[in-house]
$ cat work33.tsv   # TSV, C-alpha atoms
chain	number	residue	atom	x	y	z
I	1	MET	CA	-0.77	1.86	3.33
I	2	ALA	CA	0.29	5.52	3.61
I	3	LEU	CA	2.87	6.43	6.25
I	4	SER	CA	0.39	8.81	7.86
I	5	ASP	CA	-2.11	5.95	8.34
I	6	LEU	CA	0.29	3.70	10.23
I	7	GLU	CA	0.55	3.12	13.95
I	8	PRO	CA	3.70	4.57	15.60
I	9	ALA	CA	5.64	1.29	15.68
I	10	GLU	CA	5.13	0.55	12.00
I	11	ARG	CA	5.71	4.16	10.93
I	12	HIS	CA	9.04	4.12	12.80
I	13	ARG	CA	9.96	0.76	11.28
I	14	ARG	CA	9.49	2.11	7.75
I	15	ILE	CA	11.03	5.55	8.27
I	16	ALA	CA	13.98	4.13	10.20
I	17	ALA	CA	14.53	1.48	7.49
I	18	THR	CA	15.02	4.20	4.89
I	19	PHE	CA	17.36	6.15	7.15
I	20	THR	CA	19.24	2.91	7.94
I	21	ASP	CA	19.74	2.30	4.22
I	22	ARG	CA	21.26	5.78	3.87
I	23	VAL	CA	23.49	5.18	6.90
I	24	ARG	CA	24.73	1.83	5.57
I	25	ASP	CA	25.44	3.26	2.13
I	26	ALA	CA	27.22	6.39	3.35
I	27	LYS	CA	30.91	6.48	2.48
I	28	ALA	CA	32.08	9.98	3.41
I	29	TRP	CA	31.18	10.57	7.06
I	30	ASP	CA	33.00	13.89	7.21
I	31	ALA	CA	31.17	15.30	4.18
I	32	PRO	CA	29.28	18.53	4.87
I	33	SER	CA	25.53	18.28	5.31
I	34	PRO	CA	22.74	20.76	4.54
I	35	VAL	CA	22.61	21.59	8.26
I	36	PRO	CA	25.14	24.42	8.68
I	37	GLY	CA	28.20	23.25	10.58
I	38	TRP	CA	27.22	19.58	10.51
I	39	THR	CA	28.80	16.67	8.69
I	40	ALA	CA	27.06	13.45	7.66
I	41	ARG	CA	28.32	11.91	10.92
I	42	ASP	CA	26.74	14.78	12.87
I	43	VAL	CA	23.32	14.05	11.34
I	44	VAL	CA	23.47	10.52	12.75
I	45	GLY	CA	24.99	11.80	15.98
I	46	HIS	CA	22.13	14.24	16.47
I	47	LEU	CA	19.51	11.48	16.34
I	48	VAL	CA	21.49	9.08	18.51
I	49	GLU	CA	22.37	11.72	21.10
I	50	TRP	CA	19.30	13.94	21.67
I	51	PHE	CA	16.64	11.29	22.00
I	52	PRO	CA	17.91	9.08	24.87
I	53	PRO	CA	18.00	11.98	27.39
I	54	PHE	CA	14.55	13.10	26.21
I	55	LEU	CA	13.17	9.62	26.95
I	56	ALA	CA	15.04	9.26	30.22
I	57	ALA	CA	13.88	12.63	31.56
I	58	GLY	CA	10.29	12.35	30.36
I	59	ALA	CA	9.48	8.67	30.80
I	60	GLY	CA	12.31	7.08	32.78
I	61	VAL	CA	13.23	4.97	29.75
I	62	GLU	CA	16.86	4.03	29.20
I	63	LEU	CA	17.70	2.93	25.67
I	64	PRO	CA	20.52	0.44	25.21
I	65	SER	CA	23.73	2.15	24.23
I	66	GLY	CA	25.97	1.20	21.35
I	67	PRO	CA	29.34	2.39	20.16
I	68	SER	CA	29.90	6.11	19.72
I	69	VAL	CA	28.96	7.74	16.45
I	70	HIS	CA	32.54	8.99	16.27
I	71	ASP	CA	33.90	5.42	16.31
I	72	ASP	CA	31.26	3.65	14.23
I	73	PRO	CA	28.28	5.64	12.96
I	74	VAL	CA	26.66	2.58	11.35
I	75	ALA	CA	26.78	0.42	14.50
I	76	ALA	CA	25.82	3.39	16.70
I	77	TRP	CA	22.75	4.07	14.58
I	78	GLN	CA	21.75	0.40	14.41
I	79	ALA	CA	21.95	-0.08	18.19
I	80	HIS	CA	19.94	3.09	18.75
I	81	CYS	CA	17.37	2.29	16.07
I	82	ASP	CA	16.87	-1.25	17.36
I	83	GLY	CA	16.35	0.08	20.89
I	84	VAL	CA	13.69	2.56	19.77
I	85	GLN	CA	11.94	-0.09	17.68
I	86	ALA	CA	11.89	-2.54	20.59
I	87	LEU	CA	10.35	0.15	22.78
I	88	LEU	CA	7.66	0.89	20.19
I	89	ASP	CA	6.97	-2.82	19.63
I	90	ASP	CA	6.32	-3.32	23.36
I	91	PRO	CA	2.53	-3.13	23.85
I	92	ASP	CA	3.04	-1.50	27.27
I	93	THR	CA	4.64	1.55	25.65
I	94	ALA	CA	1.24	2.82	24.48
I	95	LEU	CA	0.08	2.72	28.13
I	96	ARG	CA	3.00	4.79	29.44
I	97	MET	CA	3.19	8.56	29.51
I	98	LEU	CA	5.98	10.98	28.71
I	99	THR	CA	5.95	14.15	30.77
I	100	ASN	CA	7.67	17.26	29.51
I	101	ARG	CA	7.38	20.84	30.75
I	102	HIS	CA	6.74	22.08	27.20
I	103	LEU	CA	4.40	19.30	26.10
I	104	GLY	CA	2.61	18.28	29.26
I	105	GLU	CA	1.72	14.59	29.42
I	106	VAL	CA	1.67	12.65	26.16
I	107	PRO	CA	1.30	8.88	25.57
I	108	LEU	CA	4.85	7.61	25.10
I	109	ASP	CA	4.29	6.01	21.70
I	110	GLN	CA	2.71	9.24	20.42
I	111	ALA	CA	5.57	11.35	21.77
I	112	ILE	CA	8.13	9.12	20.04
I	113	ASP	CA	6.14	9.30	16.84
I	114	ARG	CA	5.61	13.06	16.78
I	115	PHE	CA	8.99	14.24	17.94
I	116	TYR	CA	11.50	11.54	17.13
I	117	THR	CA	10.22	9.55	14.14
I	118	SER	CA	9.36	12.76	12.31
I	119	ASP	CA	12.89	14.00	13.03
I	120	VAL	CA	14.37	10.82	11.54
I	121	PHE	CA	12.19	11.33	8.46
I	122	MET	CA	13.36	14.90	7.89
I	123	HIS	CA	17.02	14.14	8.61
I	124	THR	CA	16.92	11.38	6.00
I	125	TRP	CA	17.04	14.17	3.43
I	126	ASP	CA	20.05	15.75	5.15
I	127	LEU	CA	22.02	12.51	5.25
I	128	ALA	CA	21.09	11.58	1.69
I	129	ARG	CA	22.14	14.98	0.37
I	130	ALA	CA	25.39	14.95	2.35
I	131	THR	CA	26.35	11.52	1.04
I	132	GLY	CA	25.06	11.78	-2.53
I	133	GLN	CA	22.24	9.27	-2.16
I	134	ASP	CA	18.56	9.17	-3.11
I	135	ASP	CA	16.97	12.05	-1.22
I	136	GLN	CA	13.34	11.46	-2.19
I	137	LEU	CA	11.00	11.39	0.80
I	138	ASP	CA	7.43	10.13	0.93
I	139	THR	CA	5.49	13.02	-0.64
I	140	ASP	CA	2.25	12.42	1.25
I	141	PHE	CA	4.03	12.31	4.62
I	142	CYS	CA	5.93	15.51	3.72
I	143	ALA	CA	2.55	17.17	3.16
I	144	VAL	CA	1.16	15.83	6.45
I	145	LEU	CA	4.17	17.06	8.43
I	146	LEU	CA	4.12	20.45	6.76
I	147	ALA	CA	0.38	20.86	7.39
I	148	GLY	CA	0.96	20.08	11.07
I	149	MET	CA	3.94	22.41	11.42
I	150	GLU	CA	2.76	25.49	9.56
I	151	PRO	CA	0.07	26.48	12.10
I	152	ILE	CA	2.63	26.37	14.94
I	153	GLU	CA	5.49	28.02	13.07
I	154	ASP	CA	6.08	30.63	15.80
I	155	VAL	CA	6.46	27.90	18.44
I	156	ILE	CA	8.74	25.87	16.18
I	157	ARG	CA	10.99	28.80	15.36
I	158	SER	CA	11.18	29.99	18.98
I	159	SER	CA	12.28	26.50	20.10
I	160	GLY	CA	15.66	27.05	18.47
I	161	GLN	CA	15.40	23.67	16.78
I	162	TYR	CA	14.62	25.09	13.35
I	163	GLY	CA	16.32	27.81	11.38
I	164	LEU	CA	14.59	30.48	9.37
I	165	GLY	CA	12.50	29.10	6.56
I	166	VAL	CA	13.95	29.14	3.07
I	167	PRO	CA	11.48	30.53	0.51
I	168	THR	CA	10.25	28.05	-2.08
I	169	PRO	CA	8.14	28.60	-5.20
I	170	ASP	CA	4.37	28.61	-4.67
I	171	ASP	CA	4.04	25.60	-6.96
I	172	ALA	CA	6.85	23.58	-5.29
I	173	ASP	CA	6.12	20.00	-4.33
I	174	ALA	CA	5.49	19.00	-0.71
I	175	GLN	CA	9.05	17.77	-0.12
I	176	THR	CA	10.60	21.00	-1.39
I	177	ARG	CA	8.21	23.08	0.74
I	178	LEU	CA	8.91	20.96	3.85
I	179	ILE	CA	12.67	21.15	3.39
I	180	GLY	CA	12.46	24.93	2.96
I	181	PHE	CA	10.13	25.26	5.94
I	182	ILE	CA	12.56	23.51	8.29
I	183	GLY	CA	15.33	25.88	7.24
I	184	ARG	CA	17.16	23.95	4.56
I	185	ASP	CA	17.90	25.13	1.06
I	186	PRO	CA	16.15	22.53	-1.13
I	187	LEU	CA	18.79	23.18	-3.82
I	188	TRP	CA	21.71	22.52	-1.46
I	189	THR	CA	24.48	20.29	-2.77
I	190	PRO	CA	27.89	19.52	-1.32
I	191	ALA	CA	30.52	21.94	-2.53
$ encode --input "work33.tsv" --output "structure tokens"
Amino acid sequence: MALSDLEPAERHRRIAATFTDRVRDAKAWDAPSPVPGWTARDVVGHLVEWFPPFLAAGAGVELPSGPSVHDDPVAAWQAHCDGVQALLDDPDTALRMLTNRHLGEVPLDQAIDRFYTSDVFMHTWDLARATGQDDQLDTDFCAVLLAGMEPIEDVIRSSGQYGLGVPTPDDADAQTRLIGFIGRDPLWTPA
């Protein structure tokens, strides 16, 4: 079944599994990443650090904490990932709401799916590139994300969460176009 056809819990399980594989196989945590100023460790740190306050402020949810990304990026990611998956696997999560001044009120499982799971998906490319691993993302899901983001490009850019788009050829595949859209150079390699 295509990633875009899955329910939030299963989509997270699959996307997080791929990211987890990249985390476990990373060897050089201080290697530069395609995100300017970030290392491979910072990619993991970003996901582990931004999402818990987002959940706490919007839904009163406290994720279990693990070790710091600085001390043990693999264990920090695993504790975080397991906490998010447990939240999504809880049937009551779909009945809860997340409230955010920018988003209004959104069902919690949908908010996790749209804002967090999609972020994990896109940052998989960053971590893979930084650590010299397989950087291929699900092409269909790249196309779905890009189609959802392009109409709201002004909102996305004004959020400060995305850099300027990097031009890509008109005939580029969906992954290349998505990576360029979110402000990464699809040809980036570690120096």
$ atom_distance --input "work33.tsv" --atom1 "CA of Tyr162 in chain I" --atom2 "CA of Asp119 in chain I"
11.2 Å
$ closest_atom_pairs --input "work33.tsv" --of "range 3-56 of chain I" --to "range 70-73 of chain I" --cutoff "10 Å" --atoms "only C-alpha atoms" --output "tab-separated table"
residue	atom	partner	partner_atom	distance
I:Val23	CA	I:Pro73	CA	7.7
I:Arg24	CA	I:Pro73	CA	9.0
I:Ala26	CA	I:Pro73	CA	9.7
I:Trp29	CA	I:Pro73	CA	8.2
I:Ala40	CA	I:Pro73	CA	9.5
I:Arg41	CA	I:Pro73	CA	6.6
I:Asp42	CA	I:His70	CA	8.9
I:Val43	CA	I:Pro73	CA	9.9
I:Val44	CA	I:Pro73	CA	6.9
I:Gly45	CA	I:Pro73	CA	7.6
I:Val48	CA	I:Pro73	CA	9.4
$ write_last_selection --input "work33.tsv" --atoms "C-alpha atoms" --output "PDB file, keeping the file's coordinate frame"
ATOM      1  CA  VAL I  23      23.490   5.180   6.900  1.00  0.00           C
ATOM      2  CA  ARG I  24      24.730   1.830   5.570  1.00  0.00           C
ATOM      3  CA  ALA I  26      27.220   6.390   3.350  1.00  0.00           C
ATOM      4  CA  TRP I  29      31.180  10.570   7.060  1.00  0.00           C
ATOM      5  CA  ALA I  40      27.060  13.450   7.660  1.00  0.00           C
ATOM      6  CA  ARG I  41      28.320  11.910  10.920  1.00  0.00           C
ATOM      7  CA  ASP I  42      26.740  14.780  12.870  1.00  0.00           C
ATOM      8  CA  VAL I  43      23.320  14.050  11.340  1.00  0.00           C
ATOM      9  CA  VAL I  44      23.470  10.520  12.750  1.00  0.00           C
ATOM     10  CA  GLY I  45      24.990  11.800  15.980  1.00  0.00           C
ATOM     11  CA  VAL I  48      21.490   9.080  18.510  1.00  0.00           C
TER      12      VAL I  48
END
$ residues_around --input "work33.tsv" --residues "range 9-12 of chain I" --least-positions-apart "2" --cutoff "10 Å" --atoms "only C-alpha atoms" --output "VMD selection string"
chain I and resid 2 to 7 14 to 18 81 84 to 91 94 109 to 110 112 to 113 116 to 118 120 to 121
$ residues_around --input "work33.tsv" --residues "Trp188 in chain I" --least-positions-apart "4" --cutoff "8 Å" --atoms "only C-alpha atoms" --output "number ranges by chain"
I: 34, 129, 184
$ atom_distance --input "work33.tsv" --atom1 "CA of Trp125 in chain I" --atom2 "CA of Arg13 in chain I"
17.1 Å
$ atom_distance --input "work33.tsv" --atom1 "CA of Asp170 in chain I" --atom2 "CA of Glu150 in chain I"
14.7 Å
$ residues_around --input "work33.tsv" --residues "Glu105 in chain I" --least-positions-apart "6" --cutoff "12 Å" --atoms "all atoms listed in the file" --output "list in words"
Gly58, Ala59, Arg96, Met97, Leu98, Thr99 and Ala111 of chain I
$ closest_residue --input "work33.tsv" --among "I:Ala57, I:Leu146, I:Val166, I:Ala76" --to "Gly180 in chain I" --atoms "all atoms listed in the file"
I:Val166
$ residues_around --input "work33.tsv" --residues "Pro186 in chain I" --least-positions-apart "5" --cutoff "12 Å" --atoms "only C-alpha atoms" --output "number ranges by chain"
I: 34-35, 125-126, 129, 135-136, 165-169, 172-181
$ closest_residue --input "work33.tsv" --among "I:Ala79, I:Leu164, I:Leu95, I:Leu108" --to "Phe54 in chain I" --atoms "all atoms listed in the file"
I:Leu108
$ closest_residue --input "work33.tsv" --among "I:Val155, I:Asp82, I:Asn100, I:Thr124" --to "Gly60 in chain I" --atoms "all atoms listed in the file"
I:Asn100
$ closest_residue --input "work33.tsv" --among "I:Cys142, I:Met1, I:Ala147, I:Ala31" --to "Ala128 in chain I" --atoms "all atoms listed in the file"
I:Ala31
$ closest_residue --input "work33.tsv" --among "I:Arg114, I:Ala56, I:Pro36, I:Phe51" --to "Val144 in chain I" --atoms "only C-alpha atoms"
I:Arg114
$ closest_residue --input "work33.tsv" --among "I:Gly183, I:Ser159, I:Val74, I:Phe141" --to "Lys27 in chain I" --atoms "all atoms listed in the file"
I:Val74
